[in-house]
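Peer 1: Below are the structure tokens for one structure; questions will follow.
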Amino acid sequence: MNNLLSIPFKKTRSIPIRQAIEEYIHNSHPDTHPEAFKGDINQWEELRKAGVGGVVHPDRIQSMTQYHAQLVFISTKLPNDIGLEIPYYPMFNDSTQPLTLRNLTYERAAVLFNLGALHCQLGLSEDRASPQGLKKAIACFQNAAGTFAHLLSSALPSLQVSLASDTLLLELSSPVLTHFENLMLAQAQECVWQRAIMEHVKHGLLAKLSAKVSAFYADALKVVQEADPSVKNIFPVGWLHHVEAKRFHFEGVAHFRKSMEDGDARKYGDEIAHLHAALAAVKRACDAARRSGVSKAVVHDAKSLLEVVQKELTRAERDNDLIYHKDVPAVSDLPAIPEIKLVGAIGANDLREPRSVVPHGETLFGELVSWGVKAAINIYNERREDWLKEEVIQRAQHLDDAAIATLRSLNLPATLDALERPIGLPPSLLKKAEEVKTDNGPARIESSIENVRKLSQRAMHILDEAMDILDQEVDEDEAFRNDYSVDRLSSQEANQELAKKGERYRNILTQAADSDATVRRTWEEWETNILELTWDAADLEAAVPSSTVSRSTRSNPSGPNLTQTHARALRALLENLDNVQRARSEIVNAAKRQKEWDDITPRILKDAAAFEQWVEVKPEMLEDTLEQGLSAYEKFRTQLEESEQKQMELLQSIQDRNTSFLSSRKDDPVVKEREHALQSLDLAYHKYKEIARHLDEGLTFYNDFSNIMTQFKEACKAWVNMRRDEILDLTRSMQSVSLENASNSPHHTVEYLSNNSADVTGLPPPANRTHRIALDLPAPDSGEWEATSLPPAPKTPANKGKTPKKTR
């Protein structure tokens with residue numbers, strides 16, 4: 001039996017590479033056809049077959065190294081998540097459920113792990129009874145250590161960054177990988193020590209080599225003991241006991257060899273002290289070796305060393321008592337045995353420089369625009385859209401609203417219109433009425449309100465369907481957990497992220513519905529006034545009271561002159577304000593036109609090409625390019641700031657002049673009535689524009705949100721299907737255990753009769769149904785009962801009669 005530990009492979013299964021990459025290219029590169037990369041996809045599938053481990057043969061080193069190199073390059077072209085489900089089983093328990101992630105760095109880390117495991121297993125397969133075999137084993141273990149070190153320093157940081165905070169990867173965690181690195185160094189140093197034994201080197205050198213072996217094993221044990229307790233649980237029974245036994249075994253060997261050196265040098269007191277230290281260490285090694293799971297070879301080695309040390313200690317003490325009479329120092333006073341390290345973590349150049357493995361021009365997806373470049377382009381477009389919306393469009397709208405609010409508070413221009421045109425309608429009002437009439441305004445508003453209502457209901461309906469899917473899975477899961485004894489997260493625990501996301505979406509829709517209600521109320525309040533704007537000019541004019549010059553004007557000749565003076569000045573200021581608003585509207589239109597022809601793709605591609613081919617181009621590396629692109633829009637913000645300053649000055653002048661205008665004329669009820677009517681129609685026009693704008697925004701919002709809801713629903717379906725696959729895997733596993741027990745038992749078979757040979761769901765019958773299962777049971781009076789593995793008993797439903805908890 002081997003006295004060294006073998007690191008097993010992390011097993012996996014086939015994955016739908018073709019489907020995932022074709023969907024990614026179709027969605028993320030609409031200008032590229034997936035068929036253009038058919039050869040790359042085929043090569044990826046072939047590389048994975050031989051590159052994920054599972055076969056112990058030296059040829060597989062090259063296959064795994066080449067696959068790892070291609071994965072490194074692929075990471076520069078594709079994002080971690082392309083929708084590809086990648087499963088890997090626990091290394092010490094491939095009969096349980098695999099950990100499945102949508103993460104290409106997870107694939108790369110697992111390949112590196114399996115490469116380290118392959119080097120380890122190749123080292124164990126060498127003939128360590130010969131110097132040549134030991135030399136090869138030493139190289140294998142050092143390569144394994146170097147592979148785990150590279151995984152720790154290169155792939156693991158990227159993997160940790162790309163994962164959600166609640167994702168646990170114990171087998172690929174820093175403590176576990178550090179443990180394996182030190183373990184491989186310990187086994188490599190142990191082989192060096194074994195070869196030194198064959199070559200009959202001096203005891204002093206053997207002591208120093210042994211001390212370093214012990215130190216490596218101690219480091220491997222310490223990193224696990226200091227880690228989270230869950231880390232210890234991933235190792236099989238006896239694994240850590242083996243490492244502990246080895247740690248003390250070689251501590252004992254170091255002191256034993258040092259005692260032999262001291263005896264040759266006639267340092268008989270030191271010889272006895274080192275033998276005492278050796279005896280104490282070897283006893284601890286024997287204690288650890290006697291625990292469950294430790295190989296018999298390790299137990300035999302510890303016991304053999306114990307016998308030798310005890311025998312030598314008895315001899316040395318007898319000789320010292322009878323002949324030498326040397327003082328024996330305390331073990332604690334002995335100087336530490338110097339350590340000699342003759343091994344190290346050999347990082348293969350093929351891992352550090354993956355491009356050296358792949359022939360020039362044979363990289364996968366070399367012609368595909370990298371995900372970093374695509375992400376940078378998308379980031380730029382999003383930033384530009386947000387910047388224009390906040391700094392130009394919304395800012396201009398805010399300034400327009402401020403101007404309208406100020407004029408409304410001053411009852412302008414209705415006051416001037418009523419004075420200057422005692423009969424008829426102002427041209428500005430007729431123009432606004434014609435715009436509403438041409439737009440078929442009321443019908444447009446009604447239609448938009450109905451469309452918003454339908455889209456809102458559709459989005460909520462899709463969300464309800466998605467949550468119903470989760471609720472149905474909760475019921476299925478609870479029924480399954482009641483019928484079978486299984487160890488997996490309940491649905492309420494497993495789908496928390498989806499459930500929380502669903503609630504957030506529901507809150508957003510509720511808030512949007514409140515906004516829709518506000519828009520409808522505004523329409524109901526102003527519908528009559530807006531409808532008046534669609535009347536014929538004659539009908540609209542008849543609805544507005546006429547007025548004549550006030551009596552005060554006729555009785556006071558000087559009054560009209562002063563009033564008209566203020567009125568003309570006020571009209572000029574209003575026209576200037578209209579000019580400022582029109583100029584501001586042109587600024588907004590110019591910014592939109594620039595956005596239409598602005599394409600940053602060539603600049604980003606040019607700057608990205610400056611990086612080396614194998615460098616993963618990330619969006620932040622192109623930040624300067626993005627800033628330069630956005631700087632072209634700064635002129636619009638400057639122009640709006642100037643427009644804002646002009647408007648503020650004009651509004652202040654309008655307020656001052658209006659005060660003078662109002663004080664120069666006396667109150668006239670007829671004029672006031674006309675002013676009110678004109679003001680109402682003017683305000684109705686602005687309310688119409690405001691309602692239409694809000695409805696257009698609502699239509700855009702619900703169209704976009706419906707797409708998000710559809711994606712969310714598909715995500716819920718995918719999650720439920722995954723949970724159902726887990727149930728199928730669990731039930732098949734239980735069936736295989738039952739059938740295996742049945743096939744091994746020629747007698748004592750218990751049968752449960754079933755009406756149906758198989759359930760249409762593919763699930764085995766639960767505990768409360770009858771089913772034909774052969775149980776391998778010993779005779780009633782047999783002593784084999786203690787060692788017999790019985791099928792898992794069904795759980796007794798703890799909540800029978802209670803209503804299952806829903807996802808929402």
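Note on naming: chains are A, B, ... as they come in the structure tokens, residues start from 1 per chain, ligands start from 1 in the order shown.
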Near region 586-590 of chain A, counting only C-alpha atoms, which residues have an atom at most 9 Å away, once you skip same-chain residues fewer than 4 positions from it, shown as an MDAnalysis selection string?

Peer 2: chainID A and resid 388 392:393 396 581:582 594:595 636 639:640

Peer 1: Can you write just those residues out, C-alpha atoms, as a CSV table (one decimal), in the first residue's frame?

Peer 2:
```csv
chain,number,residue,atom,x,y,z
A,388,LEU,CA,-27.1,63.5,-23.0
A,392,VAL,CA,-28.7,68.2,-22.3
A,393,ILE,CA,-32.2,66.9,-22.7
A,396,ALA,CA,-33.1,71.9,-21.4
A,581,GLN,CA,-35.9,78.7,-26.1
A,582,ARG,CA,-35.8,78.0,-29.8
A,594,GLN,CA,-24.2,64.1,-33.3
A,595,LYS,CA,-25.1,61.0,-31.3
A,636,PHE,CA,-23.4,71.4,-25.6
A,639,GLN,CA,-24.0,76.3,-24.6
A,640,LEU,CA,-26.8,75.3,-22.3
```

Peer 1: In terms of the shortest atom-to-atom distance over only C-alpha atoms, which of A:Cys140, A:Val298, A:Ala285, A:Leu151 is closest to Leu4 (chain A)?

Peer 2: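 Among the listed residues, A:Val298 lies closest to Leu4 (chain A).
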
Peer 1: Restricting the calculation to only C-alpha atoms: of A:Asp270, A:Glu620, A:Glu497, A:Asp439, which residue gets closest to Phe712 (chain A)?

Peer 2: A:Glu497

Peer 1: By how many Å are CA of His242 (chain A) and CA of Val299 (chain A) apart?

Peer 2: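 Atom-to-atom, CA of His242 (chain A) and CA of Val299 (chain A) are spaced 9.2 Å apart.
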
Peer 1: Would you kindly return, as a list in words, each protein, DNA or RNA residue with an atom no farther than 10 Å from any atom of Ala572 (chain A), considering only C-alpha atoms and excluding same-chain residues fewer than 6 positions away?

Peer 2: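 The filter keeps His566, Asp578 and Ile654 of chain A.
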
Peer 1: If you run DSSP on this backbone, which residues of region 509-631 of chain A come out as alpha helix (DSSP H), and could you give them as a VMD selection string?

Peer 2: chain A and resid 509 to 532 537 to 543 551 to 555 558 to 597 601 to 609 623 to 631

Peer 1: Near Leu169 (chain A), within 12 Å and counting only C-alpha atoms, which residues show up once chain neighbours fewer than 5 positions away are dropped, as an MDAnalysis selection string?

Peer 2: chainID A and resid 88:90 98:101 106 109:110 156 159:160 163:164 174:177 230:231 234

Peer 1: Report, in Å with one decimal, the straight-line distance from CA of Met198 (chain A) to CA of Val294 (chain A).

Peer 2: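 Taking CA of Met198 (chain A) as the start and CA of Val294 (chain A) as the end point, the length is 26.0 Å.
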
Peer 1: Fewer than 6 positions away in the same chain doesn't count, so skip those; otherwise give me all residues within 10 Å of Asn658 (chain A), counting only C-alpha atoms, as a PyMOL selection string.

Peer 2: chain A and resi 410-412+415-416+566-567+569-570+652+664

Peer 1: Go ahead and compute the interatomic distance for CA of His686 (chain A) and CA of Phe705 (chain A), in Å to one decimal.

Peer 2: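 Separating CA of His686 (chain A) from CA of Phe705 (chain A) is a distance of 28.4 Å.
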
Peer 1: So that I can see what lies close to Ala289 (chain A), please list as a ChimeraX atom specification the residues with an atom at most 9 Å from it, counting only C-alpha atoms and leaving out residues fewer than 5 positions away in the same chain.

Peer 2: /A:238,241-242,244-246,284,294-296,298-300,302

Peer 1: Save out the residues we just selected, C-alpha atoms, as a short mmCIF file (atom, residue, chain, number, x, y, z; two decimals), in the first residue's frame.

Peer 2:
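Writing done, so here's selection.cif:
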```cif
data_model
loop_
_atom_site.label_atom_id
_atom_site.label_comp_id
_atom_site.auth_asym_id
_atom_site.auth_seq_id
_atom_site.Cartn_x
_atom_site.Cartn_y
_atom_site.Cartn_z
CA GLY A 238 -7.57 9.76 7.43
CA HIS A 241 -4.16 12.13 10.05
CA HIS A 242 -1.80 10.86 7.35
CA GLU A 244 0.08 14.65 10.78
CA ALA A 245 1.70 11.20 11.08
CA LYS A 246 4.19 12.09 8.36
CA ARG A 284 3.02 11.13 18.24
CA VAL A 294 -4.45 6.09 7.53
CA SER A 295 -2.78 3.61 5.17
CA LYS A 296 -1.11 0.52 6.59
CA VAL A 298 2.31 4.72 7.09
CA VAL A 299 1.43 2.75 10.23
CA HIS A 300 4.15 0.20 9.45
CA ALA A 302 5.95 4.62 12.14
#
```

Peer 1: When you look at region 373-383 of chain A with a cut-off of 12 Å (counting only C-alpha atoms), what residues show up, excluding the ones that are within fewer than 3 positions of it in the same chain? I need them as a PyMOL selection string.

Peer 2: chain A and resi 25+27-30+76-79+368-370+386-391+595-596+598-609+611+616-631+633

Peer 1: Just C-alpha atoms for this one: save the residues we selected as a short mmCIF file (atom, residue, chain, number, x, y, z; two decimals), in the first residue's frame.

Peer 2:
```cif
data_model
loop_
_atom_site.label_atom_id
_atom_site.label_comp_id
_atom_site.auth_asym_id
_atom_site.auth_seq_id
_atom_site.Cartn_x
_atom_site.Cartn_y
_atom_site.Cartn_z
CA ILE A 25 -22.32 35.38 -30.84
CA ASN A 27 -26.81 38.07 -29.16
CA SER A 28 -23.56 39.98 -28.61
CA HIS A 29 -22.20 40.14 -32.17
CA PRO A 30 -25.26 40.58 -34.41
CA THR A 76 -9.52 37.72 -23.80
CA LYS A 77 -12.34 37.25 -26.32
CA LEU A 78 -15.30 36.04 -24.30
CA PRO A 79 -16.73 37.15 -20.95
CA LEU A 368 -13.77 37.74 -32.77
CA VAL A 369 -13.92 41.19 -31.23
CA SER A 370 -13.00 40.73 -27.58
CA ASP A 386 -27.04 59.02 -19.81
CA TRP A 387 -24.92 62.14 -20.21
CA LEU A 388 -27.07 63.54 -23.00
CA LYS A 389 -30.23 62.71 -21.10
CA GLU A 390 -29.08 64.35 -17.86
CA GLU A 391 -26.85 67.19 -19.07
CA LYS A 595 -25.08 61.05 -31.29
CA GLU A 596 -26.59 59.47 -34.39
CA ASP A 598 -20.99 59.21 -33.50
CA ASP A 599 -19.42 55.72 -33.62
CA ILE A 600 -16.55 55.12 -31.22
CA THR A 601 -15.96 51.56 -32.41
CA PRO A 602 -13.04 52.37 -34.79
CA ARG A 603 -11.23 54.36 -32.11
CA ILE A 604 -11.66 51.62 -29.50
CA LEU A 605 -10.56 48.91 -31.93
CA LYS A 606 -7.50 50.94 -32.83
CA ASP A 607 -6.51 51.55 -29.21
CA ALA A 608 -7.28 47.94 -28.22
CA ALA A 609 -5.01 46.72 -31.04
CA PHE A 611 -2.29 45.86 -26.51
CA GLU A 616 -7.18 40.45 -21.64
CA VAL A 617 -8.48 43.85 -22.69
CA LYS A 618 -10.77 45.16 -19.98
CA PRO A 619 -13.04 48.20 -20.36
CA GLU A 620 -11.12 50.18 -17.75
CA MET A 621 -7.99 49.90 -19.91
CA LEU A 622 -9.78 52.02 -22.54
CA GLU A 623 -11.00 54.66 -20.11
CA ASP A 624 -8.99 57.44 -21.78
CA THR A 625 -10.57 56.64 -25.13
CA LEU A 626 -14.05 56.78 -23.60
CA GLU A 627 -13.32 60.13 -21.94
CA GLN A 628 -12.02 61.58 -25.18
CA GLY A 629 -15.16 60.47 -26.99
CA LEU A 630 -17.44 62.05 -24.41
CA SER A 631 -15.43 65.28 -24.37
CA TYR A 633 -20.21 66.70 -26.17
#
```

Peer 1: Compare A:Arg18, A:Lys212, A:Lys454, A:Lys258 by their minimum atom-to-atom distance to Ile82 (chain A), counting only C-alpha atoms, and give me the closest one.

Peer 2: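 With only C-alpha atoms as the atom set, the closest residue is A:Arg18.
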